[in-house]
Amino acid sequence: MTNSHIIAYQNIPEPFLTFSPEDDDHINIHPLKGLIEYGPYNQKLIENVFNTIRVATIGPEGTKDIITDLIGRLNTKHAPQERKTYLIDFPGFSNVFRKNIAISDNIHIEISREQEKEILNSEKPHKKLSDIFSNLIPKIYSNIYDFDILFIYLPEHWQSTFECKIDNEFDLHDFLKALCVGYNIPTQIIREEKSLKYKCQCSVMWHLGIAAYSKITGVPWKLAKMPSDTAYIGMSYALRNQEEKSKFVTCCSQVFDAEGSGLEFVAYETNNFHLGDNDNPYLTKEEIRKVMGRCLSIYQERNSGKPPKNIVIHKSTDFKEEEIDGCYDALKACERIELVQLQQNVPWKGIKIDAKQQVANYPCQRGTILQLDDSLLLWTQGDIVLSKDGGHFYKEGRGIPGPIILNRYAGHGSWYESAYSILGLTKMNWNSDSLYDRLPVTLEFAQKLARTIKRIPELEARPYQYRFFM
């Protein structure tokens with residue numbers, strides 16, 4: 001074995017989040033502390049529209065009382081029972097979000113015990129339940145102006161209805177999201193074992209509070225100090241009708257603005273594609289030009305017709321020559337285009353060595369980057385110092401964090417800015433109480449919609465607001 005010398009690593013500072021469109025100093029790296037100190041980003045913009053968030057319910061008998069009790073918990077204080085180096089006290093929904101949340105007066109539908117027995121005793125319980133929901137959701141929709149969000153309660157004894165691997169990989173969660181998005185109904189799915197029975201109710205309330213606020217067009221936070229006039233797009237593909245001669249590919253793209261706020265999904269279906277390595281699909285030049293054209297129009301609709309100066313596209317597979325050409329063709333109005341592949345499964349690991357030349361007590365720092373020829377290793381997991389007294393936080397808790405590798409197919413200049421934006425976008429999942437995810441939200445949500453559309457053939461391929469799929 002021979003020793004090799006590689007270029008010295010760098011550390012990217014933890015990106016700040018902003019909690020105000022007006023005050024530049026309303027920032028924090030910790031999303032929960034920022035919400036406590038400043039409140040959510042767009043609290044002033046929606047305070048007159050949603051003074052009280054009204055919750056409708058659907059589920060088995062007793063659901064209204066169960067959700068009423070849950071909202072009661074959401075309005076009270078909770079102390080953390082886990083992740084105590086990160087999680088902080090939850091002081092009640094109105095104290096965090098400067099807004100009330102309450103059960104709706106009369107928008108509640110309950111599935112009878114007789115129907116429950118029919119569901120659970122049928123040969124395909126998931127199909128029976130999905131048919132019942134398909135009939136009940138339109139009834140909820142007829143009262144759409146009397147509630148703001150629908151809580152769907154799924155008890156633990158309905159476990160047999162949640163998934164079916166042999167039936168087009170049926171997933172009840174995805175089915176319900178796809179069903180309700182057709183009626184523009186924001187939903188929060190409440191699983192008994194993951195919400196009501198979870199040991200740390202503080203974590204549940206943070207998660208539930210942030211998600212509920214975000215789904216009614218709330219913006220809890222954005223990224224601070226990001227390059228202006230930039231759009232970020234995450235792309236993911238899903239093959240449909242794989243067992244048939246006529247195959248289709250759905251290309252799902254999620255568009256984000258410069259501060260990491262999600263705009264809309266683009267779902268585009270075509271049979272004009274190729275299969276590359278490991279049967280990964282990729283689009284022809286003409287097809288990807290259409291997809292990028294739709295993404296650009298979504299951004300322009302939100303920005304008075306002005307195109308972004310810079311556009312960054314993330315994908316988990318490589319960019320083929322046709323895709324590169326199609327992107328450049330569609331995005332001529334942009335001054336700078338960057339195409340970056342993000343790969344998770346890489347053999348690299350990083351161990352931190354302390355001043356005594358010994359293995360440190362904590363892993364390498366989150367935000368560590370290391371350049372390898374034309375690629376870059378980026379540690380989106382790792383140690384973070386969250387307090388001034390030097391307290392350490394490692395979200396994963398154990399093990400050696402592995403990096404993701406970035407391969408750039410278009411664009412030039414320093415890797416630093418690309419890595420910094422990706423690190424920031426790992427903090428933009430509003431459906432979580434976590435400090436970060438391993439992947440940026442661009443890819444997380446594009447992949448999520450691709451999986452959903454693959455499982456739900458009836459879901460129309462068109463633009464969607466991403467809050468409906470959270």
# chains A, B, ... in the order shown; residues from 1 in each chain; ligands from 1
$ select_by_dssp --residues "stretch 59-195 of chain A" --states "alpha helix (DSSP H)" --output "ChimeraX atom specification"
/A:63-74,93-97,113-121,125-141,172-181
$ closest_atom_pairs --of "stretch 7-42 of chain A" --to "stretch 379-395 of chain A" --cutoff "8 Å" --atoms "only C-alpha atoms" --output "Markdown table"
| residue | atom | partner | partner_atom | distance |
| --- | --- | --- | --- | --- |
| A:Glu14 | CA | A:Ile384 | CA | 7.8 |
| A:Ile29 | CA | A:Leu386 | CA | 7.8 |
| A:His30 | CA | A:Leu386 | CA | 7.4 |
$ write_last_selection --atoms "N, CA and C atoms" --output "CSV table (one decimal), in the first residue's frame"
chain,number,residue,atom,x,y,z
A,14,GLU,N,-21.7,27.0,9.4
A,14,GLU,CA,-23.1,26.5,9.4
A,14,GLU,C,-24.0,27.7,8.9
A,29,ILE,N,-28.7,30.0,13.6
A,29,ILE,CA,-28.4,28.7,12.9
A,29,ILE,C,-29.4,27.6,13.4
A,30,HIS,N,-30.0,27.9,14.5
A,30,HIS,CA,-30.9,26.9,15.2
A,30,HIS,C,-32.4,27.2,14.9
$ closest_residue --among "A:Gly367, A:Pro80, A:Pro440, A:Pro220" --to "A:Cys200" --atoms "only C-alpha atoms"
A:Pro80
$ closest_residue --among "A:Ser414, A:Asn42, A:Ser142, A:Thr161" --to "A:Lys127" --atoms "only C-alpha atoms"
A:Thr161
$ closest_residue --among "A:Gln343, A:Gln201, A:Gln357, A:Asn407" --to "A:Leu87" --atoms "only C-alpha atoms"
A:Gln201
$ residues_around --residues "A:Pro308" --least-positions-apart "5" --cutoff "9 Å" --atoms "only C-alpha atoms" --output "PyMOL selection string"
chain A and resi 228-231+257+296+299-300+303+333-335
$ decode --residues "stretch 278-306 of chain A" --atoms "N, CA and C atoms" --output "CSV table (one decimal), in the first residue's frame"
chain,number,residue,atom,x,y,z
A,278,ASN,N,-27.3,1.3,-15.2
A,278,ASN,CA,-28.2,0.8,-14.1
A,278,ASN,C,-29.7,1.1,-14.4
A,279,ASP,N,-30.0,1.2,-15.7
A,279,ASP,CA,-31.4,1.5,-16.1
A,279,ASP,C,-31.9,2.8,-15.5
A,280,ASN,N,-31.0,3.8,-15.3
A,280,ASN,CA,-31.5,5.1,-14.9
A,280,ASN,C,-32.0,5.9,-16.1
A,281,PRO,N,-33.2,6.4,-16.1
A,281,PRO,CA,-33.8,7.1,-17.2
A,281,PRO,C,-33.2,8.5,-17.4
A,282,TYR,N,-33.1,9.0,-18.6
A,282,TYR,CA,-32.8,10.4,-18.8
A,282,TYR,C,-33.5,10.8,-20.0
A,283,LEU,N,-33.8,12.1,-20.1
A,283,LEU,CA,-34.7,12.7,-21.1
A,283,LEU,C,-33.9,13.1,-22.4
A,284,THR,N,-34.6,13.2,-23.5
A,284,THR,CA,-34.0,13.7,-24.7
A,284,THR,C,-33.8,15.2,-24.5
A,285,LYS,N,-33.1,15.8,-25.4
A,285,LYS,CA,-32.8,17.3,-25.4
A,285,LYS,C,-34.1,18.0,-25.5
A,286,GLU,N,-35.0,17.6,-26.4
A,286,GLU,CA,-36.3,18.3,-26.5
A,286,GLU,C,-37.2,18.2,-25.3
A,287,GLU,N,-37.2,17.0,-24.6
A,287,GLU,CA,-38.1,16.8,-23.5
A,287,GLU,C,-37.5,17.6,-22.3
A,288,ILE,N,-36.3,17.6,-22.0
A,288,ILE,CA,-35.8,18.3,-20.8
A,288,ILE,C,-35.8,19.8,-21.1
A,289,ARG,N,-35.8,20.2,-22.3
A,289,ARG,CA,-36.0,21.6,-22.6
A,289,ARG,C,-37.4,22.1,-22.2
A,290,LYS,N,-38.4,21.2,-22.4
A,290,LYS,CA,-39.8,21.5,-22.0
A,290,LYS,C,-39.9,21.6,-20.5
A,291,VAL,N,-39.2,20.6,-19.8
A,291,VAL,CA,-39.3,20.6,-18.3
A,291,VAL,C,-38.6,21.9,-17.8
A,292,MET,N,-37.5,22.2,-18.3
A,292,MET,CA,-36.8,23.4,-17.7
A,292,MET,C,-37.6,24.7,-18.1
A,293,GLY,N,-38.3,24.7,-19.2
A,293,GLY,CA,-39.1,25.8,-19.6
A,293,GLY,C,-40.2,26.0,-18.6
A,294,ARG,N,-40.8,24.9,-18.1
A,294,ARG,CA,-41.9,25.0,-17.1
A,294,ARG,C,-41.3,25.5,-15.8
A,295,CYS,N,-40.2,25.0,-15.4
A,295,CYS,CA,-39.5,25.4,-14.2
A,295,CYS,C,-39.2,26.9,-14.2
A,296,LEU,N,-38.7,27.4,-15.3
A,296,LEU,CA,-38.4,28.8,-15.5
A,296,LEU,C,-39.7,29.7,-15.4
A,297,SER,N,-40.7,29.2,-16.0
A,297,SER,CA,-42.0,30.0,-16.0
A,297,SER,C,-42.6,30.1,-14.5
A,298,ILE,N,-42.4,29.0,-13.7
A,298,ILE,CA,-42.8,29.1,-12.3
A,298,ILE,C,-42.1,30.1,-11.6
A,299,TYR,N,-40.8,30.2,-11.8
A,299,TYR,CA,-40.0,31.2,-11.1
A,299,TYR,C,-40.4,32.6,-11.5
A,300,GLN,N,-40.6,32.8,-12.8
A,300,GLN,CA,-40.9,34.1,-13.3
A,300,GLN,C,-42.3,34.6,-12.9
A,301,GLU,N,-43.2,33.6,-12.7
A,301,GLU,CA,-44.5,34.0,-12.2
A,301,GLU,C,-44.5,34.6,-10.8
A,302,ARG,N,-43.5,34.1,-10.0
A,302,ARG,CA,-43.3,34.6,-8.6
A,302,ARG,C,-42.4,35.8,-8.6
A,303,ASN,N,-41.8,36.2,-9.7
A,303,ASN,CA,-40.8,37.3,-9.7
A,303,ASN,C,-41.1,38.3,-10.8
A,304,SER,N,-42.4,38.6,-11.0
A,304,SER,CA,-42.8,39.7,-11.9
A,304,SER,C,-42.2,39.5,-13.3
A,305,GLY,N,-42.1,38.2,-13.7
A,305,GLY,CA,-41.7,37.9,-15.1
A,305,GLY,C,-40.2,37.9,-15.3
A,306,LYS,N,-39.4,38.2,-14.2
A,306,LYS,CA,-38.0,38.3,-14.3
A,306,LYS,C,-37.3,36.9,-14.1
